[in-house]
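J.: query-v9.txt is reproduced in full below (compact mmCIF, C-alpha atoms).
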```
# COMPACT_ATOMS: atom_id res chain seq x y z
CA MET A 1141 104.48 151.16 -198.31
CA VAL A 1142 102.85 148.96 -195.60
CA SER A 1143 101.31 150.95 -192.79
CA GLN A 1144 101.76 150.04 -189.15
CA GLU A 1145 98.13 148.95 -188.92
CA GLN A 1146 98.44 146.69 -191.97
CA ARG A 1147 101.61 145.18 -190.55
CA ARG A 1148 99.83 144.51 -187.25
CA ARG A 1149 96.96 142.76 -189.02
CA GLN A 1150 99.37 140.65 -191.11
CA LEU A 1151 101.20 139.49 -187.99
CA ALA A 1152 97.87 138.69 -186.33
CA ARG A 1153 96.81 136.56 -189.33
CA GLU A 1154 100.14 134.70 -189.31
CA LYS A 1155 99.80 134.06 -185.59
CA PHE A 1156 96.25 132.76 -186.11
CA LEU A 1157 97.38 130.43 -188.93
CA ARG A 1158 100.21 129.08 -186.76
CA GLN A 1159 97.73 128.39 -183.93
CA GLN A 1160 95.37 126.62 -186.33
CA GLN A 1161 98.21 124.46 -187.67
CA ARG A 1162 99.26 123.51 -184.14
CA ARG A 1163 95.67 122.61 -183.22
CA THR A 1164 95.22 120.54 -186.38
CA SER A 1165 98.48 118.68 -185.70
CA ALA A 1166 97.44 118.09 -182.08
CA ARG A 1167 94.05 116.70 -183.17
CA ARG A 1168 95.76 114.42 -185.70
CA ARG A 1169 98.15 113.08 -183.06
CA ALA A 1170 95.24 112.54 -180.65
CA ARG A 1171 93.28 110.60 -183.27
CA MET A 1172 96.27 108.39 -183.99
CA ARG A 1173 96.87 107.81 -180.27
CA ASN A 1174 93.20 106.95 -179.66
CA SER A 1175 93.18 104.63 -182.65
CA VAL A 1176 96.15 102.70 -181.23
CA ILE A 1177 94.54 102.53 -177.78
CA ALA A 1178 91.27 101.29 -179.30
CA SER A 1179 93.15 98.62 -181.26
CA VAL A 1180 94.94 97.38 -178.15
CA LEU A 1181 91.72 97.35 -176.13
CA GLY A 1182 90.02 95.48 -178.96
CA VAL A 1183 92.62 92.73 -178.84
CA VAL A 1184 92.27 92.46 -175.05
CA VAL A 1185 88.47 92.31 -175.25
CA ILE A 1186 88.51 89.76 -178.05
CA GLY A 1187 90.95 87.62 -176.07
CA SER A 1188 88.77 87.85 -172.97
CA VAL A 1189 85.63 86.92 -174.92
CA ALA A 1190 87.43 83.97 -176.47
CA LEU A 1191 88.40 82.69 -173.04
CA TYR A 1192 84.91 83.29 -171.68
CA THR A 1193 83.10 81.51 -174.49
CA THR A 1194 85.34 78.47 -174.38
CA GLY A 1195 84.56 78.13 -170.69
CA VAL A 1196 87.75 76.44 -169.46
CA LEU A 1197 89.70 79.23 -167.79
CA LYS A 1198 93.14 79.13 -166.26
CA ASP A 1199 92.53 79.45 -162.53
CA GLY A 1200 95.79 79.57 -160.67
CA LYS A 1201 99.23 81.12 -160.48
CA ASP A 1202 102.59 80.24 -161.93
CA ASP A 1203 102.89 77.59 -159.22
CA ASP A 1204 100.48 75.50 -161.30
CA LYS A 1205 103.38 74.81 -163.64
CA THR A 1206 104.79 72.42 -161.05
CA ASN A 1207 102.11 69.95 -162.17
CA ALA A 1208 103.96 69.45 -165.45
CA SER A 1209 105.39 65.98 -166.04
CA ALA A 1210 108.48 65.15 -168.03
CA ASP A 1211 106.66 62.98 -170.56
CA VAL A 1212 104.78 65.88 -172.17
CA THR A 1213 106.71 68.07 -174.59
CA PRO A 1214 106.13 71.84 -174.22
CA SER A 1215 104.15 73.63 -176.89
CA ALA A 1216 106.02 74.27 -180.11
CA SER A 1217 106.44 77.91 -181.04
CA ALA A 1218 104.28 79.43 -183.73
CA THR A 1219 107.36 79.87 -185.93
CA SER A 1220 108.63 76.28 -185.53
CA LYS A 1221 105.50 74.19 -185.94
CA ALA A 1222 105.93 70.55 -184.95
CA PRO A 1223 105.13 67.80 -187.46
CA ASP A 1224 101.47 66.77 -187.59
CA PRO A 1225 101.21 63.34 -185.91
CA CYS A 1226 97.66 62.70 -187.12
CA GLY A 1227 96.06 61.35 -190.28
CA LYS A 1228 93.67 62.95 -192.74
CA PRO A 1229 90.04 63.40 -191.68
CA ALA A 1230 87.45 61.00 -193.02
CA ALA A 1231 85.26 62.24 -195.84
CA GLY A 1232 82.18 64.11 -194.69
CA ALA A 1233 80.98 67.40 -193.27
CA VAL A 1234 79.77 68.69 -189.93
CA LYS A 1235 76.00 68.58 -189.55
CA LYS A 1236 74.26 71.83 -188.70
CA LEU A 1237 71.96 70.69 -185.91
CA SER A 1238 70.25 72.60 -183.11
CA TRP A 1239 67.52 71.98 -180.56
CA LYS A 1240 65.56 74.34 -178.35
CA LYS A 1241 65.60 72.26 -175.18
CA GLU A 1242 67.52 69.47 -173.51
CA PRO A 1243 66.39 66.00 -174.60
CA ALA A 1244 64.41 63.94 -172.12
CA VAL A 1245 66.51 61.49 -170.11
CA THR A 1246 66.04 58.11 -171.77
CA ILE A 1247 69.21 56.29 -170.77
CA ASP A 1248 69.25 53.59 -168.12
CA THR A 1249 70.87 55.47 -165.24
CA SER A 1250 71.71 52.22 -163.46
CA ALA A 1251 73.67 50.86 -166.44
CA LYS A 1252 77.22 51.49 -167.61
CA TYR A 1253 77.85 53.49 -170.75
CA SER A 1254 81.02 54.23 -172.71
CA MET A 1255 81.93 56.69 -175.44
CA LYS A 1256 84.41 56.18 -178.27
CA LEU A 1257 85.92 59.12 -180.10
CA ALA A 1258 87.38 57.80 -183.33
CA THR A 1259 89.77 60.64 -184.18
CA THR A 1260 92.35 61.30 -186.84
CA CYS A 1261 95.00 60.82 -184.15
CA GLY A 1262 93.65 57.52 -182.77
CA ASP A 1263 90.72 56.19 -180.77
CA ILE A 1264 89.93 57.73 -177.39
CA ASP A 1265 87.79 55.43 -175.24
CA ILE A 1266 85.92 56.93 -172.30
CA ALA A 1267 84.06 55.24 -169.44
CA LEU A 1268 81.06 57.45 -168.66
CA LYS A 1269 79.83 58.27 -165.14
CA THR A 1270 76.18 57.56 -165.83
CA ALA A 1271 74.79 57.50 -162.29
CA ALA A 1272 76.73 60.60 -161.19
CA ALA A 1273 76.02 62.70 -164.30
CA PRO A 1274 72.82 61.33 -165.92
CA HIS A 1275 71.83 64.54 -167.75
CA THR A 1276 75.31 64.92 -169.23
CA VAL A 1277 75.65 61.29 -170.31
CA ASN A 1278 72.11 61.32 -171.71
CA SER A 1279 72.92 64.45 -173.74
CA PHE A 1280 76.06 62.87 -175.18
CA ASP A 1281 74.13 59.70 -176.02
CA PHE A 1282 71.54 61.84 -177.81
CA LEU A 1283 74.04 64.05 -179.68
CA ALA A 1284 76.30 61.17 -180.70
CA GLY A 1285 73.27 59.28 -182.00
CA LYS A 1286 72.41 62.27 -184.21
CA GLY A 1287 75.97 62.48 -185.59
CA PHE A 1288 76.44 65.90 -183.96
CA PHE A 1289 80.14 65.38 -183.16
CA ASP A 1290 81.10 63.66 -186.42
CA HIS A 1291 83.75 65.54 -188.48
CA THR A 1292 84.16 68.25 -185.81
CA LYS A 1293 87.58 69.66 -184.94
CA CYS A 1294 89.01 69.72 -181.44
CA HIS A 1295 89.63 73.44 -181.49
CA ARG A 1296 91.68 74.20 -178.39
CA LEU A 1297 94.82 72.83 -176.72
CA THR A 1298 96.34 74.25 -173.54
CA THR A 1299 99.90 73.36 -172.57
CA ASN A 1300 100.61 75.82 -169.77
CA GLY A 1301 98.87 76.03 -166.37
CA ILE A 1302 96.09 73.67 -167.39
CA TYR A 1303 96.55 70.73 -169.72
CA VAL A 1304 93.47 69.97 -171.77
CA LEU A 1305 92.21 69.32 -175.27
CA GLN A 1306 88.82 70.91 -175.88
CA CYS A 1307 86.34 69.49 -178.39
CA GLY A 1308 82.63 69.33 -179.16
CA ASP A 1309 82.07 72.60 -181.01
CA PRO A 1310 80.55 72.16 -184.48
CA THR A 1311 81.84 75.60 -185.53
CA GLY A 1312 85.44 74.79 -184.57
CA GLN A 1313 85.75 78.29 -183.06
CA GLY A 1314 84.85 77.69 -179.41
CA THR A 1315 81.46 79.42 -179.63
CA GLY A 1316 79.10 76.68 -180.86
CA GLY A 1317 76.74 74.30 -179.13
CA PRO A 1318 73.57 72.22 -179.51
CA GLY A 1319 71.15 75.08 -178.85
CA TYR A 1320 70.30 73.92 -175.33
CA THR A 1321 72.12 73.77 -172.01
CA ILE A 1322 72.35 71.07 -169.36
CA PRO A 1323 72.68 71.34 -165.57
CA ASP A 1324 75.99 71.04 -163.74
CA GLU A 1325 76.45 67.61 -162.14
CA ASN A 1326 78.92 65.64 -160.05
CA LEU A 1327 80.89 68.69 -158.89
CA LYS A 1328 81.76 66.93 -155.63
CA ASP A 1329 83.32 63.96 -157.38
CA ALA A 1330 85.82 62.27 -155.04
CA ALA A 1331 88.40 62.36 -157.84
CA LEU A 1332 88.54 66.19 -157.70
CA LYS A 1333 90.91 66.62 -154.78
CA GLY A 1334 92.45 69.97 -153.97
CA ASN A 1335 90.81 71.64 -156.99
CA VAL A 1336 92.71 69.37 -159.34
CA TYR A 1337 91.14 67.65 -162.34
CA PRO A 1338 93.38 64.61 -162.64
CA ALA A 1339 94.79 63.30 -165.91
CA GLY A 1340 92.23 61.12 -167.63
CA THR A 1341 89.21 63.24 -166.65
CA VAL A 1342 86.58 64.24 -169.20
CA ALA A 1343 84.56 67.30 -168.14
CA MET A 1344 82.12 69.83 -169.54
CA ALA A 1345 83.15 73.29 -170.64
CA ASN A 1346 80.85 76.20 -169.84
CA THR A 1347 80.58 79.99 -170.04
CA GLY A 1348 81.68 80.53 -166.46
CA GLN A 1349 78.09 80.64 -165.24
CA LYS A 1350 76.16 77.80 -163.58
CA HIS A 1351 74.29 75.29 -165.71
CA THR A 1352 75.61 76.53 -169.06
CA GLY A 1353 77.12 73.32 -170.39
CA GLY A 1354 76.23 72.43 -173.96
CA SER A 1355 78.25 70.15 -176.22
CA GLN A 1356 81.81 71.38 -175.61
CA PHE A 1357 83.95 69.23 -173.36
CA PHE A 1358 87.59 68.91 -172.42
CA LEU A 1359 89.93 65.96 -172.04
CA VAL A 1360 92.57 66.32 -169.34
CA TYR A 1361 95.90 64.76 -170.33
CA GLN A 1362 97.84 65.99 -167.28
CA ASP A 1363 96.74 67.01 -163.77
CA SER A 1364 95.21 70.49 -164.03
CA GLN A 1365 94.42 73.03 -161.30
CA LEU A 1366 90.83 74.20 -161.82
CA PRO A 1367 87.92 75.14 -159.57
CA PRO A 1368 85.28 72.37 -159.34
CA ASN A 1369 82.88 74.17 -161.67
CA TYR A 1370 83.02 71.80 -164.64
CA THR A 1371 80.97 68.60 -164.66
CA PRO A 1372 83.31 65.55 -164.64
CA PHE A 1373 81.46 62.84 -166.53
CA GLY A 1374 84.02 60.36 -167.81
CA THR A 1375 87.42 58.70 -167.47
CA ILE A 1376 89.79 58.20 -170.39
CA SER A 1377 91.44 54.82 -171.04
CA GLU A 1378 95.23 54.42 -170.93
CA SER A 1379 95.41 54.08 -174.70
CA GLY A 1380 93.29 57.22 -175.03
CA LEU A 1381 95.69 59.13 -172.78
CA LYS A 1382 98.56 58.12 -175.05
CA VAL A 1383 96.69 59.60 -177.99
CA LEU A 1384 96.14 62.85 -176.06
CA LYS A 1385 99.81 63.10 -175.07
CA LYS A 1386 100.79 62.63 -178.71
CA ILE A 1387 98.52 65.55 -179.62
CA ALA A 1388 99.91 67.66 -176.76
CA ALA A 1389 103.50 66.93 -177.78
CA ALA A 1390 102.84 68.54 -181.17
CA GLY A 1391 101.97 71.81 -179.38
CA GLU A 1392 99.55 74.58 -180.23
CA ASN A 1393 99.70 77.30 -182.84
CA THR A 1394 100.38 80.40 -180.72
CA GLY A 1395 103.45 79.23 -178.84
CA ALA A 1396 101.92 80.81 -175.72
CA GLY A 1397 100.33 77.65 -174.35
CA ASP A 1398 96.72 78.20 -175.42
CA GLY A 1399 95.56 77.93 -179.02
CA ALA A 1400 94.50 75.58 -181.76
CA PRO A 1401 96.40 72.28 -181.72
CA ASN A 1402 99.10 71.87 -184.35
CA ALA A 1403 97.88 68.31 -184.77
CA THR A 1404 94.89 67.90 -187.06
CA VAL A 1405 92.50 66.58 -184.41
CA VAL A 1406 89.14 65.72 -185.96
CA ILE A 1407 86.49 63.45 -184.47
CA ASN A 1408 85.61 61.27 -187.43
CA LYS A 1409 82.92 59.47 -185.45
CA ALA A 1410 81.60 59.62 -181.89
CA THR A 1411 79.57 56.75 -180.48
CA VAL A 1412 77.99 56.09 -177.10
CA ALA A 1413 77.17 52.50 -176.16
CA LYS A 1414 75.52 50.76 -173.25
CA SER A 1415 77.72 48.07 -171.68
```
Please express what this file holds, its structure, as structure tokens.
T.:
Amino acid sequence: MVSQEQRRRQLAREKFLRQQQRRTSARRRARMRNSVIASVLGVVVIGSVALYTTGVLKDGKDDDKTNASADVTPSASATSKAPDPCGKPAAGAVKKLSWKKEPAVTIDTSAKYSMKLATTCGDIDIALKTAAAPHTVNSFDFLAGKGFFDHTKCHRLTTNGIYVLQCGDPTGQGTGGPGYTIPDENLKDAALKGNVYPAGTVAMANTGQKHTGGSQFFLVYQDSQLPPNYTPFGTISESGLKVLKKIAAAGENTGAGDGAPNATVVINKATVAKS
């Protein structure tokens, strides 16, 4: 027969076990909750870093959408990818090149220079602003001469708020560069009115800090509201703009207006020439 004292001890043990079970369950739920929170925060941080490293940031409110023109088709959704309007890339591989410092300025700053991007989607001809952005034009002359841009993908297309195609990263991820940086130039260009980079502008991407341009650049296919923090160094030809609008019409791969272009945009060859 169980004594009163034994019964009391048994009840105490059962109560203790129930408390331990509740605490274990609570800890398990807390770990699961913290794991979910950490995952969400990780996605946010990764997204923020991606925007930071690509340099071109959306700077404006929903009112910026009023800049959209009827001749550009909105981005296709990720589940209904538009047909690829571009051809196959030329044979070859990206060169792994890097330098410790900016090359010396050797171009003739009083002369006219132009750049041709022979892409899988068509040629994009650009008149360069040599006198206004000599360090930038000199860097592109140097890099193009070394074949730095050849076979590189244009890794980013934005179709909402700002309207640009971003290129010039040998990694194709938005984080690469030539190993050196160049100074900001021409930020008071008369073409940048009301913090708008007009369609046809070619400008440098950066990290959001001063004088952090490298090799990444963006091509504006539609007026885009941006602060004047990105060196404008060229103007795209009419035929080049048509190529860009064809790329934009195919959309980007997230459906959210900022991702990799659905079109296979590869720079087969980049050349800079003195007029």
J.: Please report the interatomic distance between CA of Val1336 in chain A and CA of Leu1384 in chain A in Å with one decimal.
T.: 18.3 Å
J.: So which one's closest to Ala1251 in chain A, A:Thr1311, A:Gln1365, A:Thr1270, A:Ser1238? Using all atoms listed in the file, please.
T.: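 The shortest atom-to-atom distance to Ala1251 in chain A comes from A:Thr1270.
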J.: Leaving out His1351 in chain A and any residue of its chain fewer than 6 positions from it, which residues lie within 12 Å of it when counting all atoms listed in the file, given as a list in words?
T.: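 These residues fall inside the cut-off: Gly1195, Glu1242, His1275, Thr1276, Tyr1320, Thr1321, Ile1322, Pro1323, Asp1324, Glu1325, Leu1327, Met1344, Ala1345, Asn1369, Tyr1370 and Thr1371 of chain A.
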J.: Identify which of the residues A:Lys1269, A:Lys1235, A:Lys1293, A:Lys1328 lies closest to Gly1374 in chain A, counting all atoms listed in the file when measuring atom-to-atom distances.
T.: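 Result for the nearest residue to Gly1374 in chain A: A:Lys1269.
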J.: One decimal, in Å: what's the spacing between CA of Gly1391 in chain A and CA of Val1360 in chain A?
T.: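 Distance reported for this atom pair: 14.8 Å.
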J.: Give me, please, the distance in Å between CA of Leu1332 in chain A and CA of Pro1367 in chain A, quoted to one decimal.
T.: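 If I compute the distance from CA of Leu1332 in chain A to CA of Pro1367 in chain A, I get 9.2 Å.
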J.: Looking at all atoms listed in the file, which of A:Phe1289, A:Tyr1303, A:Phe1357, A:Tyr1253 is the one that sits closest to Ala1339 in chain A?
T.: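 Closest to Ala1339 in chain A of all the choices is A:Tyr1303.
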J.: Closest to Asn1402 in chain A among A:Lys1240, A:Lys1256, A:His1295, A:Lys1350, using only C-alpha atoms?
T.: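 Closest residue, counting only C-alpha atoms: A:His1295.
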J.: Just want the 8 Å neighbourhood of Ile1264 in chain A, counted on only C-alpha atoms, with same-chain residues fewer than 3 positions away dropped. Output as a list of chain:residue names.
T.: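 The contact residues come out as A:Lys1256, A:Leu1257, A:Ala1258, A:Thr1259, A:Ile1376, A:Ser1377, A:Ser1379, A:Gly1380, A:Leu1381, A:Val1383.
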J.: With only C-alpha atoms as the counted atoms, please give the residues lying no more than 12 Å from Lys1414 in chain A, apart from itself and same-chain residues fewer than 4 positions off, as a ChimeraX atom specification.
T.: /A:1247-1256,1267-1270,1277-1278,1281
J.: Name the closest residue to Gly1287 in chain A among the candidates A:Pro1318, A:Gly1399, A:Pro1368, A:Gly1262; distances are taken between atoms, counting all atoms listed in the file.
T.: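 Counting all atoms listed in the file, the residue closest to Gly1287 in chain A is A:Pro1318.
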J.: Could you please give me, as a ChimeraX atom specification, the residues of protein, DNA or RNA lying at most 12 Å from (86.2, 75.3, -189.6) in the coordinate frame of the file, considering only C-alpha atoms?
T.: /A:1233-1234,1291-1295,1309-1316,1400,1404-1406
J.: Restricting the calculation to all atoms listed in the file, which member of A:Gly1340, A:Pro1243, A:Pro1401, A:Gly1395 is positioned closest to Asn1300 in chain A?
T.: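 Using all atoms listed in the file, the shortest distance to Asn1300 in chain A belongs to A:Gly1395.
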